[in-house]
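Chemist: Here's a structure for you.
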Amino acid sequence: MTSQPLVTAVIPCFNAEATLGRAIDSVRRQGYPAIEIVAVDDGSRDGNPALLRQQEVLGVRVITQPNGGVPVARNTGIAAARGEFLAFLDADDEWHSDKLARQMSILASHPGMVLIGCWAEVVELDGSRRKVNASREPPVGTEAWRTMLHHSFYNPSELVARTEVARRIGGFVTTMRAGEEDQDFCIRMALKGEIGFVDAVLATMYQQPNSLSRTHFSREHETVLPMILGHCQALPPRLS
């Protein structure tokens with residue numbers, strides 16, 4: 001038993017049998033003790049369902065649904081979460097063992113903080129590694145949403161959020177399917193409170209040949225820009 005607040009690790013997965021075990025293992029290696037794991041199978045057609053049946057025996061809460069996309073799967077996990085906090089993890093990423101302990105030591109003691117991030121590194125297809133968004137300053141504080149209107153910074157696998165606030169804003173927008181929903185979620189969370197940050201690399205992302213970031217990069221003017229303009233049009237009282 002622990003007096004520390006429960007964190008729900010939400011793992012959306014689609015055809016992820018090659019990487020899901022690694023992601024779940026990284027949650028189990030966390031030094032933070034109060035964790036539940038919710039894995040949402042989003043209509044997989046590979047061996048992912050069989051792998052999840054094995055994980056279910058080991059204590060993972062498994063939810064199976066027809067394919068609806070990553071935002072839908074994350075929202076399913078948010079709705080099912082028992083934890084006071086949500087920690088998102090994509091099925092092809094992994095956490096460093098001290099990630100939750102370091103983030104929760106800050107987040108749980110700052111009631112006005114609604115979201116906390118960290119640095120991540122990405123392993124490219126050729127095996128090389130680089131720090132994600134290394135040239136950008138992390139958006140932090142109560143005005144972080146302003147920076148997020150200008151550019152994206154946080155990836156879901158870096159984040160821990162307050163469950164109540166994530167539910168209050170409606171989770172992820174499910175009509176956004178090209179990756180812009182992550183930036184949109186962070187903006188809407190930041191409009192509700194303070195954003196925190198741990199200045200350390202605590203997550204590893206693995207580039208995939210057919211990842212959304214590679215597939216939709218050339219269409220950002222069609223996906224990201226309308227989302228940003230929508231926020232600007234809704235925020236005149238808070239914008240100069």
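Ordered as shown in the structure tokens, chains take letters A, B, and onward, while each chain numbers its residues from 1 and ligands are numbered from 1 in the order shown.
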Please extract the residues of segment 84-176 of chain A with a backbone DSSP assignment of helix (DSSP H, G or I) and present them as a tab-separated table (two decimals) with N, CA and C atoms, in the first residue's frame.

Modeler:
chain	number	residue	atom	x	y	z
A	99	LYS	N	11.12	8.31	-14.50
A	99	LYS	CA	10.27	9.34	-15.10
A	99	LYS	C	9.13	9.76	-14.18
A	100	LEU	N	8.27	8.83	-13.80
A	100	LEU	CA	7.10	9.20	-13.01
A	100	LEU	C	7.48	9.72	-11.63
A	101	ALA	N	8.50	9.15	-11.01
A	101	ALA	CA	8.90	9.60	-9.69
A	101	ALA	C	9.32	11.07	-9.73
A	102	ARG	N	10.08	11.46	-10.75
A	102	ARG	CA	10.56	12.83	-10.83
A	102	ARG	C	9.44	13.80	-11.19
A	103	GLN	N	8.55	13.38	-12.08
A	103	GLN	CA	7.45	14.28	-12.45
A	103	GLN	C	6.42	14.39	-11.34
A	104	MET	N	6.09	13.28	-10.70
A	104	MET	CA	5.06	13.31	-9.67
A	104	MET	C	5.52	14.05	-8.42
A	105	SER	N	6.80	14.07	-8.14
A	105	SER	CA	7.29	14.81	-6.98
A	105	SER	C	7.00	16.30	-7.12
A	106	ILE	N	6.91	16.77	-8.36
A	106	ILE	CA	6.58	18.17	-8.62
A	106	ILE	C	5.08	18.36	-8.76
A	107	LEU	N	4.47	17.55	-9.59
A	107	LEU	CA	3.06	17.74	-9.93
A	107	LEU	C	2.14	17.57	-8.72
A	144	ALA	N	1.99	29.25	-20.60
A	144	ALA	CA	2.61	28.34	-21.56
A	144	ALA	C	1.79	28.19	-22.83
A	145	TRP	N	0.48	28.37	-22.73
A	145	TRP	CA	-0.38	28.22	-23.90
A	145	TRP	C	0.00	29.19	-25.00
A	146	ARG	N	0.53	30.36	-24.64
A	146	ARG	CA	0.92	31.33	-25.65
A	146	ARG	C	2.04	30.78	-26.54
A	147	THR	N	3.04	30.16	-25.91
A	147	THR	CA	4.13	29.56	-26.66
A	147	THR	C	3.63	28.41	-27.52
A	148	MET	N	2.69	27.63	-26.97
A	148	MET	CA	2.17	26.47	-27.71
A	148	MET	C	1.34	26.88	-28.92
A	149	LEU	N	0.81	28.10	-28.91
A	149	LEU	CA	0.12	28.59	-30.11
A	149	LEU	C	1.11	28.83	-31.25
A	150	HIS	N	2.36	29.12	-30.87
A	150	HIS	CA	3.39	29.39	-31.87
A	150	HIS	C	4.00	28.11	-32.43
A	156	PRO	N	2.98	13.09	-26.36
A	156	PRO	CA	2.23	12.43	-25.29
A	156	PRO	C	3.07	11.59	-24.33
A	157	SER	N	4.07	10.88	-24.84
A	157	SER	CA	4.86	10.00	-23.97
A	157	SER	C	5.70	10.76	-22.95
A	158	GLU	N	5.77	12.09	-23.09
A	158	GLU	CA	6.50	12.92	-22.14
A	158	GLU	C	5.62	13.42	-21.00
A	163	THR	N	-6.16	14.06	-14.16
A	163	THR	CA	-7.28	13.38	-14.80
A	163	THR	C	-8.52	14.26	-14.87
A	164	GLU	N	-8.83	14.92	-13.76
A	164	GLU	CA	-10.06	15.72	-13.71
A	164	GLU	C	-10.04	16.83	-14.75
A	165	VAL	N	-8.88	17.46	-14.96
A	165	VAL	CA	-8.78	18.55	-15.93
A	165	VAL	C	-8.85	17.99	-17.35
A	166	ALA	N	-8.18	16.87	-17.60
A	166	ALA	CA	-8.23	16.25	-18.92
A	166	ALA	C	-9.66	15.87	-19.30
A	167	ARG	N	-10.42	15.38	-18.33
A	167	ARG	CA	-11.81	15.05	-18.60
A	167	ARG	C	-12.65	16.31	-18.80
A	168	ARG	N	-12.34	17.34	-18.03
A	168	ARG	CA	-13.13	18.58	-18.12
A	168	ARG	C	-13.00	19.23	-19.50

Chemist: Give me, as CSV, the closest atom pair and its distance (Å, one decimal) for every residue of segment 31-66 of chain A within a cut-off of 10 Å of segment 75-83 of chain A, counting only C-alpha atoms, rows sorted by chain and rising number.

Modeler:
residue,atom,partner,partner_atom,distance
A:Ala34,CA,A:Gly83,CA,8.9
A:Ile35,CA,A:Gly83,CA,7.9
A:Glu36,CA,A:Gly83,CA,7.5
A:Ile37,CA,A:Ala81,CA,8.9
A:Val38,CA,A:Gly77,CA,6.3
A:Ala39,CA,A:Gly77,CA,7.4
A:Val40,CA,A:Gly77,CA,6.6
A:Asp42,CA,A:Thr76,CA,9.9
A:Arg61,CA,A:Ala80,CA,9.4
A:Val62,CA,A:Gly77,CA,9.6
A:Ile63,CA,A:Gly77,CA,8.2
A:Thr64,CA,A:Thr76,CA,9.7
A:Gln65,CA,A:Thr76,CA,9.0

Chemist: List as a tab-separated table every residue of segment 70-108 of chain A that is in contact with segment 201-208 of chain A, defined as an atom at most 6 Å from one of its atoms (using only C-alpha atoms), together with the nearest atom pair and the distance in Å rounded to one decimal, sorted by chain and then rising number.

Modeler:
residue	atom	partner	partner_atom	distance
A:Asp93	CA	A:Met205	CA	4.6
A:Glu94	CA	A:Thr204	CA	5.4
A:Trp95	CA	A:Ala203	CA	4.4
A:His96	CA	A:Leu202	CA	5.0
A:Lys99	CA	A:Leu202	CA	5.2

Chemist: Name the residues of segment 33-145 of chain A that come out as strand (DSSP E or B) in a backbone DSSP run; write them as number ranges by chain.

Modeler: A: 35-42, 61-65, 85-88, 93-95, 113-123, 129-131, 141

Chemist: Okay, now the selection with N, CA and C atoms, as a tab-separated table (two decimals), in the first residue's frame?

Modeler:
chain	number	residue	atom	x	y	z
A	35	ILE	N	0.84	2.83	-9.61
A	35	ILE	CA	0.55	2.89	-11.04
A	35	ILE	C	-0.44	1.79	-11.42
A	36	GLU	N	-1.40	2.13	-12.25
A	36	GLU	CA	-2.19	1.13	-12.95
A	36	GLU	C	-1.94	1.32	-14.44
A	37	ILE	N	-2.01	0.23	-15.20
A	37	ILE	CA	-1.78	0.27	-16.64
A	37	ILE	C	-3.08	-0.04	-17.36
A	38	VAL	N	-3.50	0.86	-18.24
A	38	VAL	CA	-4.67	0.65	-19.08
A	38	VAL	C	-4.20	0.63	-20.53
A	39	ALA	N	-4.33	-0.50	-21.19
A	39	ALA	CA	-3.96	-0.64	-22.60
A	39	ALA	C	-5.23	-0.72	-23.43
A	40	VAL	N	-5.33	0.14	-24.43
A	40	VAL	CA	-6.52	0.18	-25.28
A	40	VAL	C	-6.14	-0.33	-26.66
A	41	ASP	N	-6.66	-1.51	-27.00
A	41	ASP	CA	-6.40	-2.08	-28.32
A	41	ASP	C	-7.40	-1.48	-29.30
A	42	ASP	N	-6.87	-0.77	-30.29
A	42	ASP	CA	-7.70	-0.01	-31.23
A	42	ASP	C	-7.93	-0.79	-32.52
A	61	ARG	N	-4.98	-3.67	-17.29
A	61	ARG	CA	-6.39	-3.53	-17.67
A	61	ARG	C	-6.45	-3.35	-19.18
A	62	VAL	N	-7.15	-4.24	-19.85
A	62	VAL	CA	-7.20	-4.24	-21.31
A	62	VAL	C	-8.59	-3.85	-21.77
A	63	ILE	N	-8.65	-2.90	-22.69
A	63	ILE	CA	-9.91	-2.49	-23.31
A	63	ILE	C	-9.76	-2.69	-24.81
A	64	THR	N	-10.72	-3.37	-25.41
A	64	THR	CA	-10.70	-3.62	-26.85
A	64	THR	C	-11.83	-2.86	-27.51
A	65	GLN	N	-11.53	-2.17	-28.61
A	65	GLN	CA	-12.55	-1.41	-29.31
A	65	GLN	C	-12.29	-1.45	-30.81
A	85	PHE	N	-4.07	10.97	-11.69
A	85	PHE	CA	-3.22	11.51	-12.75
A	85	PHE	C	-3.15	10.53	-13.91
A	86	LEU	N	-2.91	11.08	-15.10
A	86	LEU	CA	-2.79	10.29	-16.32
A	86	LEU	C	-1.37	10.43	-16.86
A	87	ALA	N	-0.77	9.32	-17.24
A	87	ALA	CA	0.54	9.35	-17.89
A	87	ALA	C	0.39	8.62	-19.23
A	88	PHE	N	0.60	9.35	-20.31
A	88	PHE	CA	0.40	8.79	-21.64
A	88	PHE	C	1.68	8.14	-22.14
A	93	ASP	N	6.96	3.61	-27.75
A	93	ASP	CA	7.91	4.40	-26.95
A	93	ASP	C	8.19	3.69	-25.63
A	94	GLU	N	9.08	4.26	-24.84
A	94	GLU	CA	9.34	3.73	-23.50
A	94	GLU	C	9.78	4.85	-22.57
A	95	TRP	N	9.58	4.62	-21.27
A	95	TRP	CA	9.98	5.57	-20.23
A	95	TRP	C	11.27	5.15	-19.57
A	113	MET	N	-0.86	23.11	-10.90
A	113	MET	CA	-0.19	22.55	-12.08
A	113	MET	C	-1.07	21.46	-12.68
A	114	VAL	N	-1.39	21.58	-13.95
A	114	VAL	CA	-2.31	20.63	-14.59
A	114	VAL	C	-1.60	19.64	-15.50
A	115	LEU	N	-0.35	19.93	-15.86
A	115	LEU	CA	0.36	19.11	-16.83
A	115	LEU	C	1.85	19.29	-16.60
A	116	ILE	N	2.60	18.21	-16.76
A	116	ILE	CA	4.06	18.31	-16.63
A	116	ILE	C	4.70	17.46	-17.72
A	117	GLY	N	5.79	17.98	-18.27
A	117	GLY	CA	6.50	17.28	-19.33
A	117	GLY	C	7.94	17.01	-18.96
A	118	CYS	N	8.71	16.60	-19.96
A	118	CYS	CA	10.13	16.34	-19.79
A	118	CYS	C	10.75	16.33	-21.19
A	119	TRP	N	12.04	16.16	-21.26
A	119	TRP	CA	12.68	15.95	-22.55
A	119	TRP	C	12.51	14.49	-22.98
A	120	ALA	N	12.59	14.27	-24.27
A	120	ALA	CA	12.62	12.92	-24.83
A	120	ALA	C	13.71	12.86	-25.89
A	121	GLU	N	14.20	11.67	-26.14
A	121	GLU	CA	15.09	11.46	-27.28
A	121	GLU	C	14.40	10.52	-28.25
A	122	VAL	N	14.74	10.65	-29.52
A	122	VAL	CA	14.17	9.78	-30.54
A	122	VAL	C	15.28	8.94	-31.15
A	123	VAL	N	14.99	7.66	-31.34
A	123	VAL	CA	15.89	6.76	-32.03
A	123	VAL	C	15.42	6.70	-33.49
A	129	ARG	N	20.51	8.77	-32.50
A	129	ARG	CA	19.64	9.34	-31.47
A	129	ARG	C	19.76	10.86	-31.48
A	130	ARG	N	18.66	11.51	-31.21
A	130	ARG	CA	18.67	12.97	-31.08
A	130	ARG	C	17.63	13.38	-30.05
A	131	LYS	N	17.90	14.50	-29.40
A	131	LYS	CA	16.98	15.06	-28.42
A	131	LYS	C	15.83	15.73	-29.17
A	141	GLY	N	4.84	27.28	-17.02
A	141	GLY	CA	4.18	28.34	-16.29
A	141	GLY	C	2.71	28.48	-16.65

Chemist: Report as a Markdown table: every residue of segment 86-201 of chain A with an atom at most 10 Å from segment 220-225 of chain A, its closest pair of atoms, and their distance in Å to one decimal, counting only C-alpha atoms, with rows sorted by chain and ascending residue number.

Modeler:
| residue | atom | partner | partner_atom | distance |
| --- | --- | --- | --- | --- |
| A:Leu149 | CA | A:Leu225 | CA | 9.7 |
| A:His151 | CA | A:Val224 | CA | 9.7 |
| A:Ser152 | CA | A:Val224 | CA | 9.6 |
| A:Met176 | CA | A:Thr223 | CA | 7.8 |
| A:Arg177 | CA | A:Thr223 | CA | 8.7 |
| A:Ala178 | CA | A:Thr223 | CA | 6.8 |
| A:Gly179 | CA | A:Val224 | CA | 8.4 |
| A:Glu180 | CA | A:Val224 | CA | 5.4 |
| A:Glu181 | CA | A:Val224 | CA | 8.6 |
| A:Gln183 | CA | A:Val224 | CA | 8.6 |
| A:Asp184 | CA | A:Val224 | CA | 8.8 |

Chemist: To one decimal place in Å, what is the distance between atom CA of Leu191 of chain A and atom CA of Val27 of chain A?

Modeler: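 A separation of 28.8 Å between them.
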
Chemist: For atom CA of Phe197 of chain A and atom CA of Gln30 of chain A, quote the distance in Å rounded to one decimal.

Modeler: 18.2 Å

Chemist: Closest to Lys192 of chain A among A:Ala73, A:Glu84, A:Pro111, A:Thr142, using only C-alpha atoms?

Modeler: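 Selected residue with least distance to Lys192 of chain A: A:Thr142.
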